[in-house]
Amino acid sequence: MNTQLKKRNLIQFYLIQSILRQNSLRQLRTKPTHHYNEKYRTRNTKEDNQEDDLFFYKSKGQHLLTNQRILDSIVRKSSINPTDTVLEIGPGTGNLTLKLLDVASKVVAVEIDKRMVEVLNKRVKEHGFEDKLSVIREDALKAEFPKFDLVVANIPYGISSPLVVKLVYGANPFRSATLLLQKEFARRLLAKPGDSEFNRLAVNVKLVADVEFVMNVSKRDFFPVPKVDSSVVIIRPKDQIPDVNLDEWWAFTKNCFGKKNKTLGATFKQKKKVIELFRLSKMTSSNGEEINRNQYVCADDDGDNEESDGEECHSSSCADRELLLFKEKITEVLKAGSFEDKRPSKLCNEELLCLLSMLNQSGIYFHEQTKPRNVDNVAFAAAYS
């Protein structure tokens with residue numbers, strides 16, 4: 001009887017211990033992070049020498065990579081030579097910067113936050129690297145970058161797309177760009193024809209560069225902790241790019257990828273699409289003389305912006321037969337290249353370049369050819385990517 005009582009008490013003891021342990025773990029998992037209106041205080045340690053009153057704004061994409069193993073791996077994968085000048089965008093308080101300064105000849109850091117610059121300069125000076133660091137305190141999207149050999153950076157999430165376009169279409173040639181990006185954005189850059197993530201950004205970037213996946217990085221390796229994981233990719237500009245008018249290419253991909261899963265035949269049968277392309281082609285052939293768009297608006301167009309996918313511009317409803325002939329010309333080109341039933345989301349760049357060439361040769365254009373070449377290619381590409 002005493003033995004059974006002891007066993008029962010022992011079982012109850014272990015059950016109580018198990019419940020207490022589970023409750024402790026649950027409290028740890030759900031313990032809230034201290035925050036001040038989306039501001040996060042840095043953890044001040046002797047190792048990082050950061051200021052007690054420095055706050056990070058998650059809304060501005062201020063997330064510092066703190067995992068030393070990942071930082072070392074990024075620097076190693078970047079293949080930095082001792083004579084290289086490295087461009088770093090968004091250095092923050094310098095966790096990556098210090099490692100870059102240790103292996104590169106010079107680092108140019110672009111940082112808009114004055115507080116971060118002050119901490120960065122302090123840490124760099126303490127390590128004796130002040131002569132190797134040049135800081136540009138400006139918005140990276142507006143700043144004019146000096147010459148550099150490669151880019152290594154933890155990119156703020158909010159400017160990823162325009163910044164990548166600025167780099168690959170910019171005037172400065174470089175060897176490679178090792179970028180830490182939001183995982184979802186990296187998947188879009190890496191997407192191939194047929195992938196659900198395949199998009200116009202991937203098409204435009206891969207026209208001039210190759211993108212390589214390096215590794216995934218957990219959100220727990222950042223402070224403050226972001227909502228999503230990240231990935232590291234390396235972008236390498238191509239030695240040779242296709243001989244194509246970039247203004248025309250950007251406008252063409254915008255038209256195709258507006259609805260990337262719709263067939264090209266359906267896309268180019270849309271009434272307003274035909275009218276716009278016809279207007280551009282007439283302006284090109286007439287040396288820029290203004291074309292009255294209303295002349296080619298269908299008689300039954302009541303101004304409703306909604307269009308059915310199969311809506312076509314019939315001869316009986318058009319003010320000018322030229323418009324119908326122009327639409328038939330587009331259809332003929334699509335059929336000749338077997339593109340009518342194909343979808344942009346499944347076409348590679350070689351196929352898209354072939355289609356654009358066929359359309360241009362038939363007098364069908366997507367960008368106003370009479371306008372002078374867009375000087376600021378970067379701004380144009382960023383606006384349409």
# chains A, B, ... in the order shown; residues from 1 in each chain; ligands from 1
$ select_by_dssp --residues "range 154-295 of chain A" --states "strand (DSSP E or B)" --output "list in words"
Asn154, Ser176, Ala177, Thr178, Leu179, Leu180, Leu181, Gln182, Ala209, Asp210, Val211, Glu212, Phe213, Val214, Met215, Asn216, Val217, Phe222, Phe223, Ser230, Ser231, Val232, Val233, Ile234, Ile235, Arg236 and Pro237 of chain A
$ write_last_selection --atoms "N, CA, C and O atoms" --output "short mmCIF file (atom, residue, chain, number, x, y, z; two decimals), in the first residue's frame"
data_model
loop_
_atom_site.label_atom_id
_atom_site.label_comp_id
_atom_site.auth_asym_id
_atom_site.auth_seq_id
_atom_site.Cartn_x
_atom_site.Cartn_y
_atom_site.Cartn_z
N ASN A 154 23.80 45.07 -47.20
CA ASN A 154 22.54 44.63 -46.62
C ASN A 154 21.51 45.68 -47.00
O ASN A 154 21.41 46.73 -46.37
N SER A 176 30.82 42.62 -59.47
CA SER A 176 29.71 41.86 -58.89
C SER A 176 29.06 42.66 -57.78
O SER A 176 29.65 43.61 -57.24
N ALA A 177 27.84 42.25 -57.41
CA ALA A 177 27.12 42.87 -56.29
C ALA A 177 26.58 41.75 -55.42
O ALA A 177 25.73 40.98 -55.84
N THR A 178 27.12 41.64 -54.20
CA THR A 178 26.64 40.66 -53.23
C THR A 178 25.64 41.36 -52.33
O THR A 178 26.02 42.25 -51.55
N LEU A 179 24.37 40.97 -52.45
CA LEU A 179 23.30 41.71 -51.77
C LEU A 179 22.51 40.81 -50.83
O LEU A 179 22.14 39.68 -51.19
N LEU A 180 22.24 41.33 -49.64
CA LEU A 180 21.36 40.66 -48.68
C LEU A 180 19.98 41.29 -48.84
O LEU A 180 19.80 42.48 -48.56
N LEU A 181 19.03 40.49 -49.31
CA LEU A 181 17.71 40.99 -49.67
C LEU A 181 16.62 40.23 -48.94
O LEU A 181 16.84 39.12 -48.44
N GLN A 182 15.44 40.82 -48.92
CA GLN A 182 14.28 40.10 -48.42
C GLN A 182 14.11 38.83 -49.24
O GLN A 182 14.24 38.83 -50.47
N ALA A 209 22.40 41.11 -66.69
CA ALA A 209 23.19 40.52 -65.60
C ALA A 209 22.72 39.10 -65.30
O ALA A 209 21.59 38.71 -65.62
N ASP A 210 23.59 38.33 -64.67
CA ASP A 210 23.26 37.00 -64.16
C ASP A 210 23.08 37.09 -62.65
O ASP A 210 23.81 37.82 -61.97
N VAL A 211 22.13 36.33 -62.12
CA VAL A 211 21.84 36.35 -60.69
C VAL A 211 22.06 34.96 -60.11
O VAL A 211 21.52 33.97 -60.62
N GLU A 212 22.84 34.89 -59.05
CA GLU A 212 23.18 33.60 -58.41
C GLU A 212 22.71 33.59 -56.96
O GLU A 212 22.95 34.54 -56.21
N PHE A 213 22.05 32.51 -56.56
CA PHE A 213 21.65 32.34 -55.16
C PHE A 213 22.85 31.88 -54.34
O PHE A 213 23.60 31.00 -54.76
N VAL A 214 23.01 32.47 -53.14
CA VAL A 214 24.12 32.10 -52.27
C VAL A 214 23.64 31.35 -51.04
O VAL A 214 24.03 30.21 -50.78
N MET A 215 22.74 31.95 -50.27
CA MET A 215 22.24 31.30 -49.05
C MET A 215 21.05 32.06 -48.48
O MET A 215 20.84 33.23 -48.80
N ASN A 216 20.30 31.36 -47.64
CA ASN A 216 19.22 31.99 -46.88
C ASN A 216 19.74 32.43 -45.52
O ASN A 216 20.67 31.84 -44.97
N VAL A 217 19.13 33.49 -44.99
CA VAL A 217 19.53 34.02 -43.69
C VAL A 217 18.26 34.17 -42.83
O VAL A 217 17.30 34.81 -43.25
N PHE A 222 19.08 39.03 -37.20
CA PHE A 222 19.04 40.49 -37.31
C PHE A 222 18.57 41.11 -36.00
O PHE A 222 17.89 40.48 -35.19
N PHE A 223 18.94 42.36 -35.81
CA PHE A 223 18.39 43.15 -34.72
C PHE A 223 18.06 44.55 -35.23
O PHE A 223 18.91 45.20 -35.85
N SER A 230 15.65 36.44 -44.95
CA SER A 230 16.37 37.08 -46.04
C SER A 230 17.16 36.07 -46.85
O SER A 230 17.28 34.90 -46.45
N SER A 231 17.70 36.52 -47.96
CA SER A 231 18.56 35.68 -48.80
C SER A 231 19.70 36.52 -49.34
O SER A 231 19.55 37.74 -49.54
N VAL A 232 20.83 35.86 -49.58
CA VAL A 232 21.98 36.52 -50.19
C VAL A 232 22.07 36.08 -51.65
O VAL A 232 21.99 34.88 -51.95
N VAL A 233 22.20 37.04 -52.55
CA VAL A 233 22.37 36.74 -53.97
C VAL A 233 23.59 37.52 -54.48
O VAL A 233 23.98 38.52 -53.90
N ILE A 234 24.17 37.02 -55.56
CA ILE A 234 25.25 37.73 -56.23
C ILE A 234 24.81 38.06 -57.65
O ILE A 234 24.38 37.18 -58.40
N ILE A 235 24.89 39.34 -58.00
CA ILE A 235 24.53 39.81 -59.34
C ILE A 235 25.83 40.13 -60.09
O ILE A 235 26.65 40.92 -59.61
N ARG A 236 26.00 39.52 -61.25
CA ARG A 236 27.20 39.75 -62.06
C ARG A 236 26.80 40.31 -63.42
O ARG A 236 26.13 39.61 -64.20
N PRO A 237 27.19 41.53 -63.72
CA PRO A 237 26.87 42.10 -65.04
C PRO A 237 27.46 41.26 -66.17
O PRO A 237 28.57 40.72 -66.05
#
$ residues_around --residues "Leu98 in chain A" --least-positions-apart "5" --cutoff "9 Å" --atoms "only C-alpha atoms" --output "PyMOL selection string"
chain A and resi 123-124+127+129
$ write_last_selection --atoms "N, CA, C and O atoms" --output "compact mmCIF listing (two decimals), in the first residue's frame"
# COMPACT_ATOMS: atom_id res chain seq x y z
N ARG A 123 33.31 53.65 -34.59
CA ARG A 123 33.79 52.26 -34.56
C ARG A 123 34.96 52.06 -35.51
O ARG A 123 35.93 51.36 -35.19
N VAL A 124 34.86 52.66 -36.70
CA VAL A 124 35.93 52.52 -37.69
C VAL A 124 37.23 53.13 -37.16
O VAL A 124 38.32 52.57 -37.33
N HIS A 127 39.05 50.99 -34.71
CA HIS A 127 39.75 49.86 -35.33
C HIS A 127 40.89 50.30 -36.24
O HIS A 127 41.55 49.47 -36.86
N PHE A 129 40.73 52.09 -39.09
CA PHE A 129 40.45 51.99 -40.52
C PHE A 129 39.96 53.31 -41.12
O PHE A 129 39.47 53.34 -42.25
$ residues_around --residues "Leu264 in chain A" --least-positions-apart "4" --cutoff "12 Å" --atoms "only C-alpha atoms" --output "VMD selection string"
chain A and resid 252 to 253 255 to 260 268 to 270 273 309 to 310 330 to 331 333 to 335 337 to 347 352 355
$ write_last_selection --atoms "N, CA and C atoms" --output "CSV table (one decimal), in the first residue's frame"
chain,number,residue,atom,x,y,z
A,252,PHE,N,8.2,47.8,-73.9
A,252,PHE,CA,7.7,46.5,-74.4
A,252,PHE,C,7.4,45.5,-73.3
A,253,THR,N,8.3,45.4,-72.3
A,253,THR,CA,8.1,44.4,-71.2
A,253,THR,C,7.0,44.9,-70.3
A,255,ASN,N,4.3,46.5,-71.4
A,255,ASN,CA,3.1,46.1,-72.1
A,255,ASN,C,2.8,44.6,-71.9
A,256,CYS,N,3.8,43.8,-72.0
A,256,CYS,CA,3.7,42.3,-71.9
A,256,CYS,C,3.3,41.8,-70.5
A,257,PHE,N,4.0,42.4,-69.5
A,257,PHE,CA,3.9,41.9,-68.2
A,257,PHE,C,2.9,42.6,-67.3
A,258,GLY,N,2.1,43.5,-68.0
A,258,GLY,CA,1.0,44.1,-67.2
A,258,GLY,C,0.0,43.1,-66.8
A,259,LYS,N,-0.2,42.1,-67.6
A,259,LYS,CA,-1.0,40.9,-67.2
A,259,LYS,C,-0.2,39.7,-67.8
A,260,LYS,N,0.8,39.2,-67.0
A,260,LYS,CA,1.8,38.3,-67.5
A,260,LYS,C,1.2,36.9,-67.9
A,268,PHE,N,-2.9,42.0,-77.1
A,268,PHE,CA,-2.8,42.9,-78.2
A,268,PHE,C,-4.1,43.1,-79.1
A,269,LYS,N,-5.1,42.4,-78.6
A,269,LYS,CA,-6.5,42.6,-79.3
A,269,LYS,C,-7.3,43.7,-78.5
A,270,GLN,N,-6.8,44.1,-77.4
A,270,GLN,CA,-7.5,45.1,-76.6
A,270,GLN,C,-7.6,46.4,-77.3
A,273,LYS,N,-5.2,49.2,-76.2
A,273,LYS,CA,-3.8,48.8,-76.5
A,273,LYS,C,-3.5,49.1,-78.0
A,309,ASP,N,-11.5,40.5,-71.7
A,309,ASP,CA,-10.3,40.0,-72.2
A,309,ASP,C,-10.3,39.8,-73.8
A,310,GLY,N,-11.5,39.5,-74.3
A,310,GLY,CA,-11.7,39.3,-75.7
A,310,GLY,C,-12.1,40.5,-76.5
A,330,ILE,N,-0.5,43.4,-86.3
A,330,ILE,CA,0.0,42.9,-85.0
A,330,ILE,C,-0.3,41.4,-84.9
A,331,THR,N,-1.5,41.0,-85.3
A,331,THR,CA,-1.9,39.6,-85.2
A,331,THR,C,-1.1,38.8,-86.2
A,333,VAL,N,2.0,39.3,-87.1
A,333,VAL,CA,3.3,39.2,-86.5
A,333,VAL,C,3.3,38.1,-85.5
A,334,LEU,N,2.3,38.1,-84.6
A,334,LEU,CA,2.2,37.2,-83.5
A,334,LEU,C,2.0,35.7,-84.1
A,335,LYS,N,1.2,35.6,-85.1
A,335,LYS,CA,1.0,34.3,-85.7
A,335,LYS,C,2.3,33.8,-86.4
A,337,GLY,N,5.3,34.3,-85.7
A,337,GLY,CA,6.3,33.9,-84.7
A,337,GLY,C,5.8,32.8,-83.7
A,338,SER,N,4.6,32.4,-84.0
A,338,SER,CA,3.9,31.4,-83.1
A,338,SER,C,3.8,32.0,-81.6
A,339,PHE,N,3.5,33.3,-81.5
A,339,PHE,CA,3.4,33.9,-80.2
A,339,PHE,C,2.0,34.2,-79.8
A,340,GLU,N,1.0,34.0,-80.6
A,340,GLU,CA,-0.3,34.4,-80.4
A,340,GLU,C,-0.9,33.8,-79.1
A,341,ASP,N,-0.6,32.5,-78.9
A,341,ASP,CA,-1.2,31.7,-77.8
A,341,ASP,C,-0.2,31.6,-76.6
A,342,LYS,N,0.9,32.3,-76.7
A,342,LYS,CA,1.9,32.2,-75.6
A,342,LYS,C,1.7,33.3,-74.6
A,343,ARG,N,2.2,33.0,-73.4
A,343,ARG,CA,2.0,33.9,-72.3
A,343,ARG,C,3.4,34.5,-71.9
A,344,PRO,N,3.5,35.8,-71.6
A,344,PRO,CA,4.8,36.4,-71.2
A,344,PRO,C,5.5,35.6,-70.0
A,345,SER,N,4.7,35.1,-69.1
A,345,SER,CA,5.2,34.5,-67.9
A,345,SER,C,6.0,33.2,-68.2
A,346,LYS,N,5.9,32.7,-69.4
A,346,LYS,CA,6.6,31.5,-69.8
A,346,LYS,C,7.6,31.7,-70.9
A,347,LEU,N,7.9,33.0,-71.2
A,347,LEU,CA,8.8,33.3,-72.3
A,347,LEU,C,10.2,33.7,-71.7
A,352,LEU,N,11.4,36.9,-76.1
A,352,LEU,CA,10.9,38.2,-76.0
A,352,LEU,C,11.7,39.2,-76.9
A,355,LEU,N,10.5,38.5,-80.5
A,355,LEU,CA,9.2,39.1,-80.7
A,355,LEU,C,9.3,40.6,-80.9
$ select_by_dssp --residues "range 100-169 of chain A" --states "helix (DSSP H, G or I)" --output "PDB file with C-alpha atoms, in the first residue's frame"
ATOM      1  CA  LEU A 100      35.016  44.763 -45.565  1.00  0.00           C
ATOM      2  CA  LEU A 101      37.658  47.267 -44.458  1.00  0.00           C
ATOM      3  CA  ASP A 102      39.783  44.399 -43.233  1.00  0.00           C
ATOM      4  CA  VAL A 103      40.110  42.888 -46.727  1.00  0.00           C
ATOM      5  CA  LYS A 114      23.218  60.875 -39.439  1.00  0.00           C
ATOM      6  CA  ARG A 115      23.062  58.901 -36.167  1.00  0.00           C
ATOM      7  CA  MET A 116      24.299  55.744 -37.888  1.00  0.00           C
ATOM      8  CA  VAL A 117      27.134  57.656 -39.561  1.00  0.00           C
ATOM      9  CA  GLU A 118      28.354  58.950 -36.206  1.00  0.00           C
ATOM     10  CA  VAL A 119      28.459  55.466 -34.692  1.00  0.00           C
ATOM     11  CA  LEU A 120      30.007  54.034 -37.849  1.00  0.00           C
ATOM     12  CA  ASN A 121      32.827  56.599 -37.887  1.00  0.00           C
ATOM     13  CA  LYS A 122      33.483  56.012 -34.179  1.00  0.00           C
ATOM     14  CA  ARG A 123      33.789  52.257 -34.558  1.00  0.00           C
ATOM     15  CA  VAL A 124      35.933  52.518 -37.691  1.00  0.00           C
ATOM     16  CA  LYS A 125      38.303  54.937 -35.961  1.00  0.00           C
ATOM     17  CA  GLU A 126      38.631  52.624 -32.972  1.00  0.00           C
ATOM     18  CA  GLU A 130      39.437  55.652 -40.834  1.00  0.00           C
ATOM     19  CA  ASP A 131      41.769  56.263 -43.797  1.00  0.00           C
ATOM     20  CA  LYS A 132      40.108  53.464 -45.785  1.00  0.00           C
ATOM     21  CA  TYR A 157      13.848  46.292 -47.996  1.00  0.00           C
ATOM     22  CA  GLY A 158      11.952  49.384 -49.113  1.00  0.00           C
ATOM     23  CA  ILE A 159      14.400  50.396 -51.850  1.00  0.00           C
ATOM     24  CA  SER A 160      15.455  46.968 -53.145  1.00  0.00           C
ATOM     25  CA  SER A 161      13.825  47.144 -56.577  1.00  0.00           C
ATOM     26  CA  PRO A 162      14.893  50.652 -57.694  1.00  0.00           C
ATOM     27  CA  LEU A 163      18.350  50.180 -56.184  1.00  0.00           C
ATOM     28  CA  VAL A 164      19.026  46.917 -58.032  1.00  0.00           C
ATOM     29  CA  VAL A 165      17.909  48.565 -61.281  1.00  0.00           C
ATOM     30  CA  LYS A 166      20.108  51.594 -60.567  1.00  0.00           C
ATOM     31  CA  LEU A 167      23.116  49.314 -60.130  1.00  0.00           C
ATOM     32  CA  VAL A 168      22.671  47.081 -63.177  1.00  0.00           C
TER      33      VAL A 168
END
$ atom_distance --atom1 "CA of Gly92 in chain A" --atom2 "CA of Val225 in chain A"
14.8 Å
$ atom_distance --atom1 "CA of Thr97 in chain A" --atom2 "CA of Lys219 in chain A"
20.0 Å
$ residues_around --residues "Ile241 in chain A" --least-positions-apart "5" --cutoff "12 Å" --atoms "only C-alpha atoms" --output "ChimeraX atom specification"
/A:168-169,204-210,246,349-350,353
$ closest_residue --among "A:Pro224, A:Ser79, A:Val108, A:Leu141" --to "Gln62 in chain A" --atoms "only C-alpha atoms"
A:Pro224
$ atom_distance --atom1 "CA of Lys183 in chain A" --atom2 "CA of Asp229 in chain A"
5.7 Å
$ closest_residue --among "A:Ala140, A:Val203, A:Lys99, A:Lys106" --to "Ile74 in chain A" --atoms "only C-alpha atoms"
A:Lys99
$ closest_residue --among "A:Pro242, A:Arg187, A:Cys348, A:Tyr365" --to "Val274 in chain A" --atoms "only C-alpha atoms"
A:Tyr365
